[in-house]
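Beneath this line is the structure, given in structure tokens, with notes to follow.
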Amino acid sequence: MASKKRLGKGLDAIFGEDIDSFLDDIANGSSQVKGSGKTEIPLKEIRPNPYQPRKEFDENGLKELADSIRENGVFQPILVRKSLSGYELVAGERRVRASKLAGKKNIPAIIVDFDDRQMMEISLLENIQRKDLTPIEEARAYQQLIKKLGYTQEELSKRIGKSRSNVTNMLRLLSLPEEVQTMVNNGKLSYGHARTLLGLNDEDKMIDVAKRTVKEGLSVRQLEGLCTPKKSTKKPSAGKKNDLFMEDVRVRLQKKFATKVEIKNKTISIKYTDIEDLNRILEIMDVIED
């Protein structure tokens, strides 16, 4: 019950797990969503969806879709809502872009009555469930759903049909340096590469290793070899062991006497500030005269 309160008037009350079916229902007029029937609107009057998480669009894919639209038109209408000037896109950005490439002036659309919350939710979930996003774009979409719509990671994982650990791992990608995130967005690094780089815990090293991975075309397994610290097979030398032992002794003496202690050239030096402090130390050593 707490989950429903957190989600407020989200679209969970309207559609279930499958957002594609929900969009199809709207297009077919069989949805509970209040809106107009199919209509034609000018492309020049459509503004982008401010909540669109997708930043990268495959140019070849858009050209292929544009060719199809020239020949056959747009099969599925886009979703828009009215704004102060023209329309605001809710879903269907690929169709809008491809229609412009095809030289179209108008596009079939359904005008829906969504508030900002519903518009954000459908935009983010449509892209996530259709796997249209890069790993970084998907992680940012998760972050928006959590921050702006109040989802917990557990609620989000159920909403998108993925495990809680998957959601957590995706969100961790946002801690990568911007330069590395760009490589992931451009397809130069995979999700597996990105996750492996997180194990370095040093931004400069992440960037250097990421550049090397791209330059040398390293696989995820090869990258794991670079990111996993190698265990030393060398045994500490006798001198090294002795140094560690003497440092441990110095630290313990320093704690015991609450003053600076030095061990050098087989000599232990214990610092005192005045005669009173000396007496304090002698008392600890149990050598002060009664």
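Every chain in the structure tokens takes a letter, A first, then B, and so on in the order presented; its residues are numbered from 1, and the ligands are numbered from 1 following the presented order.
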
If you run DSSP on this backbone, which residues of region 139-264 of chain A come out as alpha helix (DSSP H), and could you give them as a ChimeraX atom specification? /A:139-149,153-160,164-172,178-185,191-197,203-216,220-227,238-257

Please, could you write that set of residues out with C-alpha atoms as a PDB file, in the first residue's frame?
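Wrote selection37.pdb, looks like this:
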```pdb
ATOM      1  CA  ALA A 139      21.097   4.761 -15.686  1.00  0.00           C
ATOM      2  CA  ARG A 140      20.104   8.433 -15.937  1.00  0.00           C
ATOM      3  CA  ALA A 141      16.505   7.410 -16.613  1.00  0.00           C
ATOM      4  CA  TYR A 142      16.562   5.290 -13.441  1.00  0.00           C
ATOM      5  CA  GLN A 143      17.980   8.229 -11.529  1.00  0.00           C
ATOM      6  CA  GLN A 144      15.191  10.524 -12.745  1.00  0.00           C
ATOM      7  CA  LEU A 145      12.475   8.031 -11.825  1.00  0.00           C
ATOM      8  CA  ILE A 146      13.964   7.706  -8.337  1.00  0.00           C
ATOM      9  CA  LYS A 147      14.592  11.420  -7.745  1.00  0.00           C
ATOM     10  CA  LYS A 148      11.583  13.000  -9.420  1.00  0.00           C
ATOM     11  CA  LEU A 149       8.877  10.351  -9.101  1.00  0.00           C
ATOM     12  CA  GLN A 153      15.153   0.923  -6.159  1.00  0.00           C
ATOM     13  CA  GLU A 154      12.920  -1.996  -5.186  1.00  0.00           C
ATOM     14  CA  GLU A 155       9.814  -0.379  -6.741  1.00  0.00           C
ATOM     15  CA  LEU A 156      11.740   0.538  -9.866  1.00  0.00           C
ATOM     16  CA  SER A 157      13.088  -2.986 -10.318  1.00  0.00           C
ATOM     17  CA  LYS A 158       9.537  -4.396 -10.178  1.00  0.00           C
ATOM     18  CA  ARG A 159       8.247  -1.675 -12.518  1.00  0.00           C
ATOM     19  CA  ILE A 160      10.752  -2.429 -15.272  1.00  0.00           C
ATOM     20  CA  ARG A 164      17.229  -4.964  -7.717  1.00  0.00           C
ATOM     21  CA  SER A 165      20.954  -5.704  -8.208  1.00  0.00           C
ATOM     22  CA  ASN A 166      20.648  -4.813 -11.903  1.00  0.00           C
ATOM     23  CA  VAL A 167      19.157  -1.419 -11.014  1.00  0.00           C
ATOM     24  CA  THR A 168      21.897  -0.812  -8.424  1.00  0.00           C
ATOM     25  CA  ASN A 169      24.651  -1.739 -10.891  1.00  0.00           C
ATOM     26  CA  MET A 170      23.181   0.521 -13.571  1.00  0.00           C
ATOM     27  CA  LEU A 171      23.056   3.482 -11.182  1.00  0.00           C
ATOM     28  CA  ARG A 172      26.701   2.890 -10.228  1.00  0.00           C
ATOM     29  CA  GLU A 178      32.223  11.995 -17.709  1.00  0.00           C
ATOM     30  CA  GLU A 179      34.875  11.107 -20.300  1.00  0.00           C
ATOM     31  CA  VAL A 180      34.302   7.400 -19.698  1.00  0.00           C
ATOM     32  CA  GLN A 181      30.512   7.843 -19.733  1.00  0.00           C
ATOM     33  CA  THR A 182      30.856   9.465 -23.174  1.00  0.00           C
ATOM     34  CA  MET A 183      32.798   6.427 -24.435  1.00  0.00           C
ATOM     35  CA  VAL A 184      29.958   4.188 -23.223  1.00  0.00           C
ATOM     36  CA  ASN A 185      27.319   6.426 -24.839  1.00  0.00           C
ATOM     37  CA  TYR A 191      28.209  -2.172 -20.195  1.00  0.00           C
ATOM     38  CA  GLY A 192      30.588  -4.969 -19.167  1.00  0.00           C
ATOM     39  CA  HIS A 193      33.605  -2.720 -19.742  1.00  0.00           C
ATOM     40  CA  ALA A 194      31.990   0.083 -17.726  1.00  0.00           C
ATOM     41  CA  ARG A 195      31.198  -2.172 -14.765  1.00  0.00           C
ATOM     42  CA  THR A 196      34.738  -3.525 -14.734  1.00  0.00           C
ATOM     43  CA  LEU A 197      36.254  -0.025 -14.740  1.00  0.00           C
ATOM     44  CA  GLU A 203      39.087   8.469 -11.786  1.00  0.00           C
ATOM     45  CA  ASP A 204      42.389   9.223 -13.550  1.00  0.00           C
ATOM     46  CA  LYS A 205      43.187   5.529 -13.773  1.00  0.00           C
ATOM     47  CA  MET A 206      39.659   4.785 -15.031  1.00  0.00           C
ATOM     48  CA  ILE A 207      40.141   7.275 -17.879  1.00  0.00           C
ATOM     49  CA  ASP A 208      43.625   5.969 -18.784  1.00  0.00           C
ATOM     50  CA  VAL A 209      42.542   2.320 -18.760  1.00  0.00           C
ATOM     51  CA  ALA A 210      39.327   3.148 -20.680  1.00  0.00           C
ATOM     52  CA  LYS A 211      41.360   4.899 -23.417  1.00  0.00           C
ATOM     53  CA  ARG A 212      43.706   1.912 -23.615  1.00  0.00           C
ATOM     54  CA  THR A 213      40.728  -0.451 -23.826  1.00  0.00           C
ATOM     55  CA  VAL A 214      39.279   1.481 -26.782  1.00  0.00           C
ATOM     56  CA  LYS A 215      42.644   1.898 -28.521  1.00  0.00           C
ATOM     57  CA  GLU A 216      43.623  -1.781 -28.200  1.00  0.00           C
ATOM     58  CA  VAL A 220      35.915  -7.412 -20.974  1.00  0.00           C
ATOM     59  CA  ARG A 221      37.999 -10.380 -19.816  1.00  0.00           C
ATOM     60  CA  GLN A 222      41.230  -8.660 -20.888  1.00  0.00           C
ATOM     61  CA  LEU A 223      40.119  -5.502 -19.111  1.00  0.00           C
ATOM     62  CA  GLU A 224      39.415  -7.491 -15.957  1.00  0.00           C
ATOM     63  CA  GLY A 225      43.042  -8.605 -16.060  1.00  0.00           C
ATOM     64  CA  LEU A 226      44.150  -4.959 -16.035  1.00  0.00           C
ATOM     65  CA  CYS A 227      41.777  -3.951 -13.247  1.00  0.00           C
ATOM     66  CA  ALA A 238      64.299 -10.246   6.490  1.00  0.00           C
ATOM     67  CA  GLY A 239      65.140  -6.534   6.534  1.00  0.00           C
ATOM     68  CA  LYS A 240      61.611  -5.577   5.597  1.00  0.00           C
ATOM     69  CA  LYS A 241      60.157  -7.844   8.265  1.00  0.00           C
ATOM     70  CA  ASN A 242      62.477  -6.280  10.845  1.00  0.00           C
ATOM     71  CA  ASP A 243      61.472  -2.742   9.815  1.00  0.00           C
ATOM     72  CA  LEU A 244      57.797  -3.601  10.212  1.00  0.00           C
ATOM     73  CA  PHE A 245      58.442  -5.142  13.623  1.00  0.00           C
ATOM     74  CA  MET A 246      60.409  -2.119  14.886  1.00  0.00           C
ATOM     75  CA  GLU A 247      57.713   0.273  13.644  1.00  0.00           C
ATOM     76  CA  ASP A 248      55.105  -1.746  15.502  1.00  0.00           C
ATOM     77  CA  VAL A 249      57.224  -1.571  18.678  1.00  0.00           C
ATOM     78  CA  ARG A 250      57.673   2.197  18.281  1.00  0.00           C
ATOM     79  CA  VAL A 251      53.924   2.755  17.889  1.00  0.00           C
ATOM     80  CA  ARG A 252      53.130   0.628  20.955  1.00  0.00           C
ATOM     81  CA  LEU A 253      55.700   2.475  23.093  1.00  0.00           C
ATOM     82  CA  GLN A 254      54.387   5.809  21.902  1.00  0.00           C
ATOM     83  CA  LYS A 255      50.869   4.840  22.941  1.00  0.00           C
ATOM     84  CA  LYS A 256      52.067   3.553  26.317  1.00  0.00           C
ATOM     85  CA  PHE A 257      54.028   6.670  27.241  1.00  0.00           C
TER      86      PHE A 257
END
```

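CA of Lys188 (chain A) lies 20.4 Å from CA of Leu62 (chain A).
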
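When only C-alpha atoms are used to compute distances to Ile284 (chain A), the closest of the residues A:Ala258, A:Asn265, A:Gly73, A:Gly217 turns out to be A:Ala258.
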
Which of region 3-235 of chain A fall in strand (DSSP E), as a PyMOL selection string: chain A and resi 35-42+46-47+78-82+87-91+106-112

Please compute the CA of Gln76 (chain A)-CA of Met120 (chain A) distance, one decimal, in Å.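 Computing it gives 20.5 Å between the two atoms.
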
Residues within 9 Å of region 104-115 of chain A, only C-alpha atoms, excluding chain neighbours under 4 positions, as an mmCIF file with N, CA and C atoms, in the first residue's frame:
```cif
data_model
loop_
_atom_site.group_PDB
_atom_site.id
_atom_site.type_symbol
_atom_site.label_atom_id
_atom_site.label_comp_id
_atom_site.auth_asym_id
_atom_site.auth_seq_id
_atom_site.Cartn_x
_atom_site.Cartn_y
_atom_site.Cartn_z
ATOM 1 N N ILE A 26 -3.840 2.997 -26.672
ATOM 2 C CA ILE A 26 -4.149 4.416 -26.918
ATOM 3 C C ILE A 26 -4.365 4.640 -28.407
ATOM 4 N N ALA A 27 -3.441 4.073 -29.219
ATOM 5 C CA ALA A 27 -3.548 4.246 -30.676
ATOM 6 C C ALA A 27 -4.834 3.654 -31.228
ATOM 7 N N VAL A 33 -7.063 6.074 -21.031
ATOM 8 C CA VAL A 33 -6.479 7.419 -21.058
ATOM 9 C C VAL A 33 -7.370 8.363 -21.841
ATOM 10 N N LYS A 34 -7.591 9.514 -21.240
ATOM 11 C CA LYS A 34 -8.419 10.522 -21.893
ATOM 12 C C LYS A 34 -7.609 11.206 -22.986
ATOM 13 N N GLY A 35 -8.162 11.267 -24.204
ATOM 14 C CA GLY A 35 -7.454 11.934 -25.287
ATOM 15 C C GLY A 35 -8.291 11.977 -26.540
ATOM 16 N N SER A 36 -7.745 12.628 -27.562
ATOM 17 C CA SER A 36 -8.454 12.743 -28.829
ATOM 18 C C SER A 36 -8.268 11.485 -29.651
ATOM 19 N N GLY A 37 -8.996 11.380 -30.735
ATOM 20 C CA GLY A 37 -8.759 10.307 -31.689
ATOM 21 C C GLY A 37 -7.563 10.682 -32.548
ATOM 22 N N LYS A 38 -7.252 9.842 -33.499
ATOM 23 C CA LYS A 38 -6.109 10.078 -34.388
ATOM 24 C C LYS A 38 -6.349 11.322 -35.227
ATOM 25 N N THR A 39 -5.322 12.172 -35.319
ATOM 26 C CA THR A 39 -5.418 13.403 -36.090
ATOM 27 C C THR A 39 -4.086 13.707 -36.743
ATOM 28 N N GLU A 40 -4.026 14.639 -37.642
ATOM 29 C CA GLU A 40 -2.765 15.055 -38.284
ATOM 30 C C GLU A 40 -2.366 16.414 -37.717
ATOM 31 N N ILE A 41 -1.109 16.540 -37.316
ATOM 32 C CA ILE A 41 -0.630 17.836 -36.810
ATOM 33 C C ILE A 41 0.674 18.199 -37.512
ATOM 34 N N PRO A 42 0.959 19.503 -37.645
ATOM 35 C CA PRO A 42 2.198 19.939 -38.312
ATOM 36 C C PRO A 42 3.433 19.566 -37.490
ATOM 37 N N LEU A 43 4.427 19.021 -38.151
ATOM 38 C CA LEU A 43 5.671 18.666 -37.468
ATOM 39 C C LEU A 43 6.354 19.881 -36.850
ATOM 40 N N LYS A 44 6.220 21.029 -37.508
ATOM 41 C CA LYS A 44 6.905 22.232 -37.019
ATOM 42 C C LYS A 44 6.312 22.736 -35.703
ATOM 43 N N ILE A 69 8.841 5.583 -44.319
ATOM 44 C CA ILE A 69 7.777 6.580 -44.168
ATOM 45 C C ILE A 69 7.462 7.236 -45.505
ATOM 46 N N ARG A 70 8.481 7.453 -46.327
ATOM 47 C CA ARG A 70 8.250 8.032 -47.660
ATOM 48 C C ARG A 70 7.338 7.114 -48.483
ATOM 49 N N GLY A 73 4.197 5.848 -45.220
ATOM 50 C CA GLY A 73 3.646 6.735 -44.203
ATOM 51 C C GLY A 73 3.961 6.230 -42.799
ATOM 52 N N VAL A 74 3.428 6.912 -41.790
ATOM 53 C CA VAL A 74 3.640 6.540 -40.392
ATOM 54 C C VAL A 74 2.487 5.649 -39.948
ATOM 55 N N PHE A 75 2.814 4.408 -39.566
ATOM 56 C CA PHE A 75 1.770 3.458 -39.178
ATOM 57 C C PHE A 75 1.180 3.763 -37.805
ATOM 58 N N GLN A 76 2.047 3.987 -36.819
ATOM 59 C CA GLN A 76 1.559 4.219 -35.456
ATOM 60 C C GLN A 76 1.648 5.703 -35.130
ATOM 61 N N PRO A 77 0.541 6.323 -34.747
ATOM 62 C CA PRO A 77 0.581 7.755 -34.433
ATOM 63 C C PRO A 77 1.447 8.035 -33.210
ATOM 64 N N ILE A 78 2.033 9.215 -33.195
ATOM 65 C CA ILE A 78 2.804 9.639 -32.026
ATOM 66 C C ILE A 78 1.835 10.131 -30.952
ATOM 67 N N LEU A 79 2.316 10.277 -29.733
ATOM 68 C CA LEU A 79 1.513 10.847 -28.649
ATOM 69 C C LEU A 79 2.031 12.232 -28.324
ATOM 70 N N VAL A 80 1.129 13.192 -28.225
ATOM 71 C CA VAL A 80 1.499 14.560 -27.864
ATOM 72 C C VAL A 80 0.491 15.091 -26.845
ATOM 73 N N ARG A 81 0.875 16.171 -26.204
ATOM 74 C CA ARG A 81 -0.091 16.897 -25.380
ATOM 75 C C ARG A 81 -0.032 18.358 -25.806
ATOM 76 N N LYS A 82 -1.121 19.064 -25.624
ATOM 77 C CA LYS A 82 -1.151 20.474 -25.998
ATOM 78 C C LYS A 82 -0.306 21.288 -25.036
ATOM 79 N N TYR A 87 2.465 21.769 -29.611
ATOM 80 C CA TYR A 87 2.341 20.488 -28.918
ATOM 81 C C TYR A 87 3.685 20.069 -28.310
ATOM 82 N N VAL A 90 5.121 13.388 -26.348
ATOM 83 C CA VAL A 90 5.110 12.444 -25.223
ATOM 84 C C VAL A 90 5.872 11.183 -25.605
ATOM 85 N N ARG A 95 9.951 8.548 -34.795
ATOM 86 C CA ARG A 95 9.021 8.769 -35.910
ATOM 87 C C ARG A 95 9.003 10.231 -36.328
ATOM 88 N N VAL A 96 9.123 11.128 -35.340
ATOM 89 C CA VAL A 96 9.161 12.559 -35.658
ATOM 90 C C VAL A 96 10.422 12.892 -36.440
ATOM 91 N N ALA A 98 12.411 10.884 -38.170
ATOM 92 C CA ALA A 98 12.425 10.222 -39.478
ATOM 93 C C ALA A 98 11.453 10.899 -40.450
ATOM 94 N N SER A 99 10.321 11.364 -39.940
ATOM 95 C CA SER A 99 9.343 12.056 -40.794
ATOM 96 C C SER A 99 9.928 13.358 -41.337
ATOM 97 N N LYS A 100 10.689 14.047 -40.506
ATOM 98 C CA LYS A 100 11.349 15.272 -40.969
ATOM 99 C C LYS A 100 12.388 14.946 -42.044
ATOM 100 N N MET A 119 3.732 12.224 -17.915
ATOM 101 C CA MET A 119 4.526 12.398 -19.128
ATOM 102 C C MET A 119 5.960 11.916 -18.916
ATOM 103 N N MET A 120 6.521 12.249 -17.764
ATOM 104 C CA MET A 120 7.879 11.815 -17.458
ATOM 105 C C MET A 120 7.936 10.296 -17.352
#
```

What is the distance, in Å and to one decimal place, between CA of Ser175 (chain A) and CA of Pro53 (chain A)?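 Computing the Euclidean distance for CA of Ser175 (chain A) and CA of Pro53 (chain A) yields 17.6 Å.
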
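The list of residues with at least one atom within 9 Å of Ile270 (chain A), based on only C-alpha atoms and without residues fewer than 2 positions apart in the same chain, reads A:Leu253, A:Gln254, A:Phe257, A:Thr259, A:Lys260, A:Val261, A:Glu262, A:Ile263, A:Ile268, A:Tyr272, A:Ile281.
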